[in-house]
>>> print(open('structure.cif').read())   # mmCIF, C-alpha atoms
data_structure
loop_
_atom_site.group_PDB
_atom_site.id
_atom_site.type_symbol
_atom_site.label_atom_id
_atom_site.label_comp_id
_atom_site.auth_asym_id
_atom_site.auth_seq_id
_atom_site.Cartn_x
_atom_site.Cartn_y
_atom_site.Cartn_z
ATOM 1 C CA MET A 354 40.200 -27.341 32.725
ATOM 2 C CA ASN A 355 37.287 -25.537 34.293
ATOM 3 C CA PRO A 356 34.259 -27.874 34.774
ATOM 4 C CA GLU A 357 32.073 -25.273 33.066
ATOM 5 C CA LEU A 358 34.142 -25.727 29.934
ATOM 6 C CA TYR A 359 33.787 -29.529 30.139
ATOM 7 C CA ILE A 360 30.032 -29.085 30.247
ATOM 8 C CA LEU A 361 29.990 -26.665 27.318
ATOM 9 C CA GLU A 362 32.236 -29.002 25.356
ATOM 10 C CA VAL A 363 29.850 -31.929 25.802
ATOM 11 C CA LEU A 364 26.805 -29.805 24.969
ATOM 12 C CA GLN A 365 28.418 -28.322 21.885
ATOM 13 C CA SER A 366 27.766 -31.339 19.647
ATOM 14 C CA SER A 367 24.033 -31.337 20.362
ATOM 15 C CA TYR A 368 23.503 -27.659 19.429
ATOM 16 C CA PRO A 369 20.807 -26.407 18.804
ATOM 17 C CA ARG A 370 19.225 -29.254 20.783
ATOM 18 C CA GLY A 371 19.933 -30.080 24.395
ATOM 19 C CA LEU A 372 20.979 -33.010 26.557
ATOM 20 C CA ARG A 373 19.063 -34.413 29.453
ATOM 21 C CA VAL A 374 20.731 -33.961 32.832
ATOM 22 C CA GLY A 375 21.512 -37.688 33.158
ATOM 23 C CA VAL A 376 22.940 -37.998 29.653
ATOM 24 C CA LEU A 377 25.166 -34.986 30.212
ATOM 25 C CA ASN A 378 26.433 -36.459 33.485
ATOM 26 C CA GLU A 379 27.076 -39.844 31.854
ATOM 27 C CA ASP A 380 29.008 -38.221 29.015
ATOM 28 C CA LEU A 381 31.105 -36.234 31.471
ATOM 29 C CA TYR A 382 31.835 -39.454 33.348
ATOM 30 C CA ASN A 383 32.794 -41.308 30.177
ATOM 31 C CA ALA A 384 35.108 -38.478 29.231
ATOM 32 C CA GLY A 385 36.847 -38.903 32.593
ATOM 33 C CA ARG A 386 35.385 -35.710 34.017
ATOM 34 C CA GLN A 387 33.259 -37.166 36.730
ATOM 35 C CA ILE A 388 31.230 -34.668 38.716
ATOM 36 C CA SER A 389 28.205 -35.219 40.913
ATOM 37 C CA LEU A 390 24.740 -34.245 39.742
ATOM 38 C CA THR A 391 24.677 -31.549 42.437
ATOM 39 C CA GLU A 392 27.940 -30.072 41.175
ATOM 40 C CA GLN A 393 26.725 -30.327 37.612
ATOM 41 C CA HIS A 394 23.529 -28.525 38.549
ATOM 42 C CA ARG A 395 25.508 -25.740 40.248
ATOM 43 C CA HIS A 396 27.772 -25.259 37.244
ATOM 44 C CA CYS A 397 24.799 -25.291 34.875
ATOM 45 C CA ARG A 398 23.081 -22.601 36.967
ATOM 46 C CA ASN A 399 26.243 -20.486 36.780
ATOM 47 C CA LEU A 400 26.404 -20.999 33.046
ATOM 48 C CA GLU A 401 22.751 -20.060 32.746
ATOM 49 C CA ARG A 402 23.389 -16.841 34.661
ATOM 50 C CA LYS A 403 26.127 -16.032 32.147
ATOM 51 C CA GLY A 404 23.730 -16.764 29.291
ATOM 52 C CA GLN A 405 25.847 -19.646 28.010
ATOM 53 C CA VAL A 406 23.303 -22.428 28.533
ATOM 54 C CA THR A 407 19.547 -22.639 28.845
ATOM 55 C CA ILE A 408 17.982 -25.001 31.367
ATOM 56 C CA ILE A 409 14.636 -26.247 30.153
ATOM 57 C CA SER A 410 12.568 -27.804 32.891
ATOM 58 C CA GLY A 411 9.417 -29.534 31.729
ATOM 59 C CA GLN A 412 6.914 -31.584 33.657
ATOM 60 C CA ASP A 413 8.749 -34.816 32.904
ATOM 61 C CA HIS A 414 12.141 -33.717 31.737
ATOM 62 C CA THR A 415 14.955 -31.246 32.284
ATOM 63 C CA TYR A 416 17.559 -30.656 29.686
ATOM 64 C CA ILE A 417 20.384 -28.271 29.098
ATOM 65 C CA LYS A 418 21.072 -26.461 25.860
ATOM 66 C CA ILE A 419 24.173 -24.539 24.917
ATOM 67 C CA THR A 420 23.481 -21.036 23.610
ATOM 68 C CA PRO A 421 25.392 -19.081 20.933
ATOM 69 C CA ASP A 422 27.179 -17.290 23.805
ATOM 70 C CA GLY A 423 28.281 -20.684 25.124
ATOM 71 C CA LEU A 424 29.601 -21.649 21.711
ATOM 72 C CA ALA A 425 31.435 -18.338 21.546
ATOM 73 C CA ARG A 426 33.105 -19.029 24.895
ATOM 74 C CA LEU A 427 34.369 -22.373 23.590
ATOM 75 C CA ALA A 428 35.709 -20.733 20.475
ATOM 76 C CA GLU A 429 37.774 -18.248 22.520
ATOM 77 C CA MET B 377 65.769 -40.575 22.367
ATOM 78 C CA PRO B 378 66.188 -44.348 22.823
ATOM 79 C CA THR B 379 63.268 -46.102 24.434
ATOM 80 C CA ASP B 380 63.815 -48.312 27.404
ATOM 81 C CA PRO B 381 62.514 -51.810 26.541
ATOM 82 C CA ASP B 382 62.039 -52.581 30.218
ATOM 83 C CA LYS B 383 59.885 -49.548 30.709
ATOM 84 C CA LYS B 384 56.276 -50.422 31.343
ATOM 85 C CA PRO B 385 54.111 -49.281 28.377
ATOM 86 C CA ARG B 386 51.594 -46.548 29.009
ATOM 87 C CA ALA B 387 48.335 -48.038 30.194
ATOM 88 C CA ASP B 388 46.291 -46.534 27.360
ATOM 89 C CA SER B 389 48.702 -47.833 24.747
ATOM 90 C CA ILE B 390 48.006 -51.361 26.028
ATOM 91 C CA LEU B 391 44.492 -51.034 24.680
ATOM 92 C CA ASP B 392 45.574 -49.350 21.473
ATOM 93 C CA GLY B 393 48.124 -52.114 20.957
ATOM 94 C CA MET B 394 45.399 -54.758 20.785
ATOM 95 C CA GLU B 395 44.284 -56.272 17.503
ATOM 96 C CA GLU B 396 42.148 -53.952 15.386
ATOM 97 C CA VAL B 397 39.140 -56.236 15.758
ATOM 98 C CA ARG B 398 39.444 -56.164 19.556
ATOM 99 C CA ILE B 399 39.677 -52.384 19.531
ATOM 100 C CA MET B 400 36.478 -52.274 17.482
ATOM 101 C CA GLU B 401 34.729 -54.700 19.849
ATOM 102 C CA LEU B 402 35.694 -52.648 22.870
ATOM 103 C CA ARG B 403 34.645 -49.434 21.130
ATOM 104 C CA ASP B 404 31.267 -50.932 20.180
ATOM 105 C CA GLY B 405 30.810 -52.256 23.696
ATOM 106 C CA LEU B 406 31.445 -48.858 25.224
ATOM 107 C CA LEU B 407 29.148 -47.193 22.707
ATOM 108 C CA GLY B 408 26.540 -49.830 23.503
ATOM 109 C CA GLY B 409 26.617 -48.961 27.188
ATOM 110 C CA TRP B 410 29.048 -51.443 28.768
ATOM 111 C CA SER B 411 30.051 -50.369 32.242
ATOM 112 C CA HIS B 412 33.724 -50.030 33.146
ATOM 113 C CA GLU B 413 33.459 -53.225 35.182
ATOM 114 C CA GLN B 414 32.089 -55.101 32.170
ATOM 115 C CA CYS B 415 34.893 -53.757 29.990
ATOM 116 C CA ILE B 416 37.559 -54.698 32.507
ATOM 117 C CA GLY B 417 36.092 -58.219 32.782
ATOM 118 C CA TRP B 418 35.805 -58.599 29.007
ATOM 119 C CA LEU B 419 39.376 -57.390 28.462
ATOM 120 C CA ALA B 420 40.719 -59.865 31.001
ATOM 121 C CA THR B 421 38.812 -62.914 29.776
ATOM 122 C CA GLU B 422 38.647 -62.293 26.017
ATOM 123 C CA CYS B 423 41.856 -60.411 25.367
ATOM 124 C CA GLY B 424 44.074 -61.369 28.276
ATOM 125 C CA VAL B 425 44.604 -57.675 28.982
ATOM 126 C CA VAL B 426 44.533 -56.605 32.593
ATOM 127 C CA ILE B 427 43.844 -52.993 33.378
ATOM 128 C CA LYS B 428 43.191 -51.620 36.791
ATOM 129 C CA SER B 429 42.233 -48.028 36.386
ATOM 130 C CA GLY B 430 39.142 -46.528 34.806
ATOM 131 C CA SER B 431 41.312 -43.753 33.416
ATOM 132 C CA THR B 432 42.724 -46.219 30.855
ATOM 133 C CA LEU B 433 39.196 -46.765 29.594
ATOM 134 C CA ASN B 434 38.475 -43.051 29.730
ATOM 135 C CA THR B 435 41.446 -42.340 27.497
ATOM 136 C CA PHE B 436 40.340 -45.095 25.119
ATOM 137 C CA TYR B 437 36.800 -43.692 25.145
ATOM 138 C CA LYS B 438 38.016 -40.175 24.368
ATOM 139 C CA ARG B 439 40.077 -41.438 21.456
ATOM 140 C CA HIS B 440 37.741 -44.014 19.920
ATOM 141 C CA CYS B 441 34.174 -43.332 21.068
ATOM 142 C CA ALA B 442 33.837 -39.607 21.712
ATOM 143 C CA PRO B 443 34.438 -38.585 18.067
ATOM 144 C CA ILE B 444 31.736 -41.036 16.910
ATOM 145 C CA ILE B 445 29.256 -39.782 19.507
ATOM 146 C CA LYS B 446 30.048 -36.187 18.603
ATOM 147 C CA ASP B 447 29.423 -36.761 14.888
ATOM 148 C CA ARG B 448 26.291 -38.840 15.506
ATOM 149 C CA ARG B 449 24.908 -36.166 17.791
ATOM 150 C CA LYS B 450 25.623 -33.321 15.376
ATOM 151 C CA LEU B 451 23.859 -35.250 12.626
ATOM 152 C CA ALA B 452 20.899 -36.040 14.887
ATOM 153 C CA ALA B 453 20.573 -32.365 15.881
ATOM 154 C CA VAL B 454 20.580 -31.203 12.264
ATOM 155 C CA LYS B 455 18.138 -33.933 11.148
ATOM 156 C CA SER B 456 15.684 -33.236 13.968
ATOM 157 C CA GLU B 457 15.567 -29.546 13.040
ATOM 158 C CA ILE B 458 14.985 -30.410 9.381
ATOM 159 C CA TYR B 459 12.259 -32.995 10.113
ATOM 160 C CA VAL B 460 10.262 -30.625 12.300
ATOM 161 C CA LYS B 461 10.674 -27.785 9.810
ATOM 162 C CA GLU B 462 9.547 -30.046 6.969
ATOM 163 C CA ALA B 463 6.494 -31.130 8.935
ATOM 164 C CA GLY B 464 5.397 -27.519 8.409
ATOM 165 C CA ARG B 465 3.092 -27.414 11.417
ATOM 166 C CA THR B 466 1.731 -23.989 12.132
ATOM 167 C CA ASP B 467 -0.696 -25.160 14.833
ATOM 168 C CA TRP B 468 2.049 -26.220 17.292
ATOM 169 C CA ASP B 469 2.989 -23.715 19.946
ATOM 170 C CA ALA B 470 6.671 -23.098 20.704
ATOM 171 C CA ALA B 471 6.711 -25.588 23.616
ATOM 172 C CA THR B 472 5.215 -28.375 21.497
ATOM 173 C CA ALA B 473 7.590 -27.757 18.596
ATOM 174 C CA GLU B 474 10.464 -27.769 21.106
ATOM 175 C CA LEU B 475 9.308 -31.089 22.592
ATOM 176 C CA VAL B 476 8.938 -32.727 19.186
ATOM 177 C CA SER B 477 12.380 -31.488 18.066
ATOM 178 C CA GLN B 478 13.983 -32.651 21.290
ATOM 179 C CA VAL B 479 12.424 -36.138 21.266
ATOM 180 C CA THR B 480 13.239 -36.565 17.558
ATOM 181 C CA PHE B 481 16.823 -35.593 18.346
ATOM 182 C CA GLU B 482 17.046 -38.029 21.272
ATOM 183 C CA MET B 483 15.640 -40.883 19.220
ATOM 184 C CA LEU B 484 17.963 -40.200 16.279
ATOM 185 C CA ASP B 485 20.901 -39.980 18.685
ATOM 186 C CA GLY B 486 20.001 -43.369 20.127
ATOM 187 C CA GLN B 487 19.339 -42.026 23.609
ATOM 188 C CA ARG B 488 16.862 -43.757 25.881
ATOM 189 C CA THR B 489 13.726 -41.699 25.769
ATOM 190 C CA ASP B 490 11.592 -41.326 28.854
ATOM 191 C CA PRO B 491 8.391 -43.411 28.308
ATOM 192 C CA LYS B 492 6.211 -40.488 29.445
ATOM 193 C CA ILE B 493 7.799 -38.175 26.894
ATOM 194 C CA ALA B 494 7.653 -40.857 24.204
ATOM 195 C CA GLU B 495 3.920 -41.236 24.914
ATOM 196 C CA LYS B 496 3.338 -37.495 24.460
ATOM 197 C CA PHE B 497 5.375 -37.585 21.262
ATOM 198 C CA VAL B 498 3.424 -40.528 19.796
ATOM 199 C CA LYS B 499 0.125 -38.849 20.652
ATOM 200 C CA LEU B 500 1.248 -35.667 18.898
ATOM 201 C CA VAL B 501 2.308 -37.585 15.796
ATOM 202 C CA LEU B 502 -0.947 -39.592 15.729
ATOM 203 C CA LYS B 503 -2.931 -36.383 16.168
ATOM 204 C CA LYS B 504 -1.016 -34.892 13.243
ATOM 205 C CA ASP B 505 -1.926 -37.921 11.079
ATOM 206 C CA ALA B 506 -5.592 -37.651 12.053
ATOM 207 C CA GLN B 507 -5.573 -33.917 11.238
ATOM 208 C CA ASP B 508 -3.903 -34.566 7.893
ATOM 209 C CA GLN B 509 -6.526 -37.221 7.080
ATOM 210 C CA SER B 510 -9.472 -34.992 7.956
ATOM 211 C CA ARG B 511 -7.897 -32.135 5.980
ATOM 212 C CA ASN B 512 -7.579 -34.453 2.947
ATOM 213 C CA LYS B 513 -11.190 -35.608 3.366
ATOM 214 C CA ALA B 514 -12.414 -32.009 3.472
ATOM 215 C CA ARG B 515 -10.381 -31.231 0.363
ATOM 216 C CA GLU B 516 -11.869 -34.271 -1.462
ATOM 217 C CA LEU B 517 -15.373 -33.271 -0.451
ATOM 218 C CA ALA B 518 -14.880 -29.733 -1.741
ATOM 219 C CA ARG B 519 -13.491 -31.114 -5.004
ATOM 220 C CA THR B 520 -16.536 -33.412 -5.432
ATOM 221 C CA LYS B 521 -18.888 -30.467 -4.904
ATOM 222 C CA ILE B 522 -17.006 -28.362 -7.447
ATOM 223 C CA ASP B 523 -17.079 -31.245 -9.978
ATOM 224 C CA ALA B 524 -20.848 -31.738 -9.482
ATOM 225 C CA GLY B 525 -21.436 -28.003 -9.987
ATOM 226 C CA MET B 526 -19.334 -27.953 -13.137
ATOM 227 C CA GLU B 527 -21.207 -30.939 -14.572
ATOM 228 C CA ALA B 528 -24.558 -29.294 -13.899
ATOM 229 C CA MET B 529 -23.370 -26.093 -15.534
ATOM 230 C CA LEU B 530 -22.097 -28.019 -18.571
ATOM 231 C CA ALA B 531 -25.482 -29.682 -18.996
ATOM 232 C CA GLU B 532 -27.116 -26.234 -19.046
ATOM 233 C CA ILE B 533 -24.799 -24.622 -21.601
ATOM 234 C CA LYS B 534 -23.900 -27.540 -23.866
ATOM 235 C CA HIS B 535 -25.701 -25.991 -26.863
ATOM 236 C CA ASN B 536 -24.156 -22.549 -26.440
ATOM 237 C CA PRO B 537 -20.670 -22.412 -28.056
ATOM 238 C CA LYS B 538 -19.817 -19.021 -26.557
ATOM 239 C CA ALA B 539 -20.670 -20.223 -23.057
ATOM 240 C CA LEU B 540 -18.767 -23.458 -23.705
ATOM 241 C CA ALA B 541 -15.595 -21.514 -24.529
ATOM 242 C CA ILE B 542 -15.872 -19.567 -21.265
ATOM 243 C CA PHE B 543 -16.584 -22.842 -19.454
ATOM 244 C CA LYS B 544 -13.359 -24.382 -20.793
ATOM 245 C CA GLN B 545 -11.380 -21.401 -19.500
ATOM 246 C CA LEU B 546 -13.083 -21.777 -16.146
ATOM 247 C CA GLN B 547 -12.270 -25.508 -16.082
ATOM 248 C CA GLU B 548 -8.573 -24.745 -16.623
ATOM 249 C CA VAL B 549 -8.572 -22.250 -13.755
ATOM 250 C CA VAL B 550 -10.276 -24.768 -11.431
ATOM 251 C CA ALA B 551 -7.841 -27.533 -12.430
ATOM 252 C CA LYS B 552 -4.878 -25.310 -11.532
ATOM 253 C CA ALA B 553 -6.369 -24.293 -8.172
#
>>> encode(input="structure.cif", output="structure tokens")
Amino acid sequence: MNPELYILEVLQSSYPRGLRVGVLNEDLYNAGRQISLTEQHRHCRNLERKGQVTIISGQDHTYIKITPDGLARLAE
Amino acid sequence: MPTDPDKKPRADSILDGMEEVRIMELRDGLLGGWSHEQCIGWLATECGVVIKSGSTLNTFYKRHCAPIIKDRRKLAAVKSEIYVKEAGRTDWDAATAELVSQVTFEMLDGQRTDPKIAEKFVKLVLKKDAQDQSRNKARELARTKIDAGMEAMLAEIKHNPKALAIFKQLQEVVAKA
């Protein structure tokens, strides 16, 4: 399966809230879909460009939220 | 198709073949944050089960832990939205409301919250309490002033039945306000 879909799958359960970068990575690891933080970041950027996730970067935190478009992609 | 008794069982079925109580213990351990190394050690010493690959644990995790996490997370996301909505704050900007919703979600989901973010969250909640208290005080003060005014008016009109009837109507309106 495409890593982007793994990411969307993990984020799906937290909708409409998001997951912090580290939590997302840990969940991917636990699900046997280990990817590096760099790879994860790259995929998340791609997903953001497609409008399927939103990356929220605060002063102290960065988290990723799945968007309705992301949910729609999973439902396909 | 007949099964070959000499065939080595699938690695993940080794874990699923354990006693129910052991399965629960392993599930709770994984949900509680045990590392794969800790799980492998625990399985060997407590259950006499030797596994070598992390993929066995991953399969177990997907089957026994992931559904629980998924449900817990969905519930936490819904609750956090409801709590923030119920708080009915109109003085929070979008970023603040987002932060409060997110931290509430993380806490309800049992995630470790960054101390810096937790500090901001606590300050916001304490500020909300202080604002609520001062709002209540202002409301009490206004009520006291209204009561004092009504009493003074009553003293002035107590011998005028017509005025007293109007006063009663006024009292009812004030009580409903």
>>> closest_residue(input="structure.cif", among="B:Phe436, B:Phe497, B:Trp418, B:Trp468", to="chain A", atoms="all atoms listed in the file")
B:Phe436
>>> closest_atom_pairs(input="structure.cif", of="chain B", to="chain A", cutoff="7 Å", atoms="all atoms listed in the file", output="CSV")
residue,atom,partner,partner_atom,distance
B:Ser431,CA,A:Gly385,CA,6.6
B:Asn434,CA,A:Gly385,CA,5.3
B:Tyr437,CA,A:Ala384,CA,6.8
B:Lys438,CA,A:Ala384,CA,5.9
B:Lys446,CA,A:Ser366,CA,5.5
B:Arg449,CA,A:Ser367,CA,5.5
B:Lys450,CA,A:Ser366,CA,5.2
B:Ala453,CA,A:Ser367,CA,5.8
B:Gln478,CA,A:Arg370,CA,6.3
B:Ile493,CA,A:Asp413,CA,7.0
>>> write_last_selection(input="structure.cif", atoms="C-alpha atoms", output="mmCIF file, in the coordinates of the input")
data_model
loop_
_atom_site.group_PDB
_atom_site.id
_atom_site.type_symbol
_atom_site.label_atom_id
_atom_site.label_comp_id
_atom_site.auth_asym_id
_atom_site.auth_seq_id
_atom_site.Cartn_x
_atom_site.Cartn_y
_atom_site.Cartn_z
ATOM 1 C CA SER B 431 41.312 -43.753 33.416
ATOM 2 C CA ASN B 434 38.475 -43.051 29.730
ATOM 3 C CA TYR B 437 36.800 -43.692 25.145
ATOM 4 C CA LYS B 438 38.016 -40.175 24.368
ATOM 5 C CA LYS B 446 30.048 -36.187 18.603
ATOM 6 C CA ARG B 449 24.908 -36.166 17.791
ATOM 7 C CA LYS B 450 25.623 -33.321 15.376
ATOM 8 C CA ALA B 453 20.573 -32.365 15.881
ATOM 9 C CA GLN B 478 13.983 -32.651 21.290
ATOM 10 C CA ILE B 493 7.799 -38.175 26.894
#
>>> closest_residue(input="structure.cif", among="A:Ala428, A:Thr420, A:Ile408, A:Glu362", to="His394 in chain A", atoms="only C-alpha atoms")
A:Ile408
>>> resolve_selection(input="structure.cif", expression="the PyMOL selection byres ((chain B and resi 455-459) around 8)", output="JSON, numbers by chain")
{"B": [451, 452, 453, 454, 460, 461, 462, 463, 477, 478, 480, 481, 484]}
>>> residues_around(input="structure.cif", residues="Val425 in chain B", least_positions_apart="3", cutoff="8 Å", atoms="only C-alpha atoms", output="ChimeraX atom specification")
/B:390-391,419-421
>>> residues_around(input="structure.cif", residues="range 397-407 of chain B", least_positions_apart="2", cutoff="10 Å", atoms="only C-alpha atoms", output="compact mmCIF listing (two decimals) with C-alpha atoms, in the frame of the given file")
# COMPACT_ATOMS: atom_id res chain seq x y z
CA ASN A 383 32.79 -41.31 30.18
CA LEU B 391 44.49 -51.03 24.68
CA ASP B 392 45.57 -49.35 21.47
CA GLY B 393 48.12 -52.11 20.96
CA MET B 394 45.40 -54.76 20.78
CA GLU B 395 44.28 -56.27 17.50
CA GLY B 409 26.62 -48.96 27.19
CA TRP B 410 29.05 -51.44 28.77
CA SER B 411 30.05 -50.37 32.24
CA HIS B 412 33.72 -50.03 33.15
CA GLN B 414 32.09 -55.10 32.17
CA CYS B 415 34.89 -53.76 29.99
CA TRP B 418 35.80 -58.60 29.01
CA LEU B 419 39.38 -57.39 28.46
CA GLU B 422 38.65 -62.29 26.02
CA CYS B 423 41.86 -60.41 25.37
CA LEU B 433 39.20 -46.76 29.59
CA PHE B 436 40.34 -45.10 25.12
CA TYR B 437 36.80 -43.69 25.14
CA ARG B 439 40.08 -41.44 21.46
CA HIS B 440 37.74 -44.01 19.92
CA CYS B 441 34.17 -43.33 21.07
CA ALA B 442 33.84 -39.61 21.71
CA ILE B 444 31.74 -41.04 16.91
CA ILE B 445 29.26 -39.78 19.51
>>> atom_distance(input="structure.cif", atom1="CA of Gln487 in chain B", atom2="CA of Thr407 in chain A")
20.1 Å
>>> atom_distance(input="structure.cif", atom1="CA of Leu530 in chain B", atom2="CA of Arg515 in chain B")
22.5 Å
>>> resolve_selection(input="structure.cif", expression="the PyMOL selection byres ((chain A and resi 358) around 10)", output="PDB file with C-alpha atoms, in the coordinates of the input")
ATOM      1  CA  MET A 354      40.200 -27.341  32.725  1.00  0.00           C
ATOM      2  CA  ASN A 355      37.287 -25.537  34.293  1.00  0.00           C
ATOM      3  CA  PRO A 356      34.259 -27.874  34.774  1.00  0.00           C
ATOM      4  CA  GLU A 357      32.073 -25.273  33.066  1.00  0.00           C
ATOM      5  CA  TYR A 359      33.787 -29.529  30.139  1.00  0.00           C
ATOM      6  CA  ILE A 360      30.032 -29.085  30.247  1.00  0.00           C
ATOM      7  CA  LEU A 361      29.990 -26.665  27.318  1.00  0.00           C
ATOM      8  CA  GLU A 362      32.236 -29.002  25.356  1.00  0.00           C
ATOM      9  CA  VAL A 363      29.850 -31.929  25.802  1.00  0.00           C
ATOM     10  CA  LEU A 364      26.805 -29.805  24.969  1.00  0.00           C
ATOM     11  CA  HIS A 396      27.772 -25.259  37.244  1.00  0.00           C
ATOM     12  CA  LEU A 400      26.404 -20.999  33.046  1.00  0.00           C
ATOM     13  CA  GLY A 423      28.281 -20.684  25.124  1.00  0.00           C
ATOM     14  CA  ARG A 426      33.105 -19.029  24.895  1.00  0.00           C
ATOM     15  CA  LEU A 427      34.369 -22.373  23.590  1.00  0.00           C
TER      16      LEU A 427
END
>>> atom_distance(input="structure.cif", atom1="CA of Leu475 in chain B", atom2="CA of Gln507 in chain B")
18.9 Å
>>> closest_residue(input="structure.cif", among="B:Ile427, B:Glu396, B:Lys538, B:Ser510", to="Glu413 in chain B", atoms="all atoms listed in the file")
B:Ile427
>>> closest_residue(input="structure.cif", among="B:Asp508, B:Asp447, B:Met526, B:Gly408", to="Leu546 in chain B", atoms="only C-alpha atoms")
B:Met526
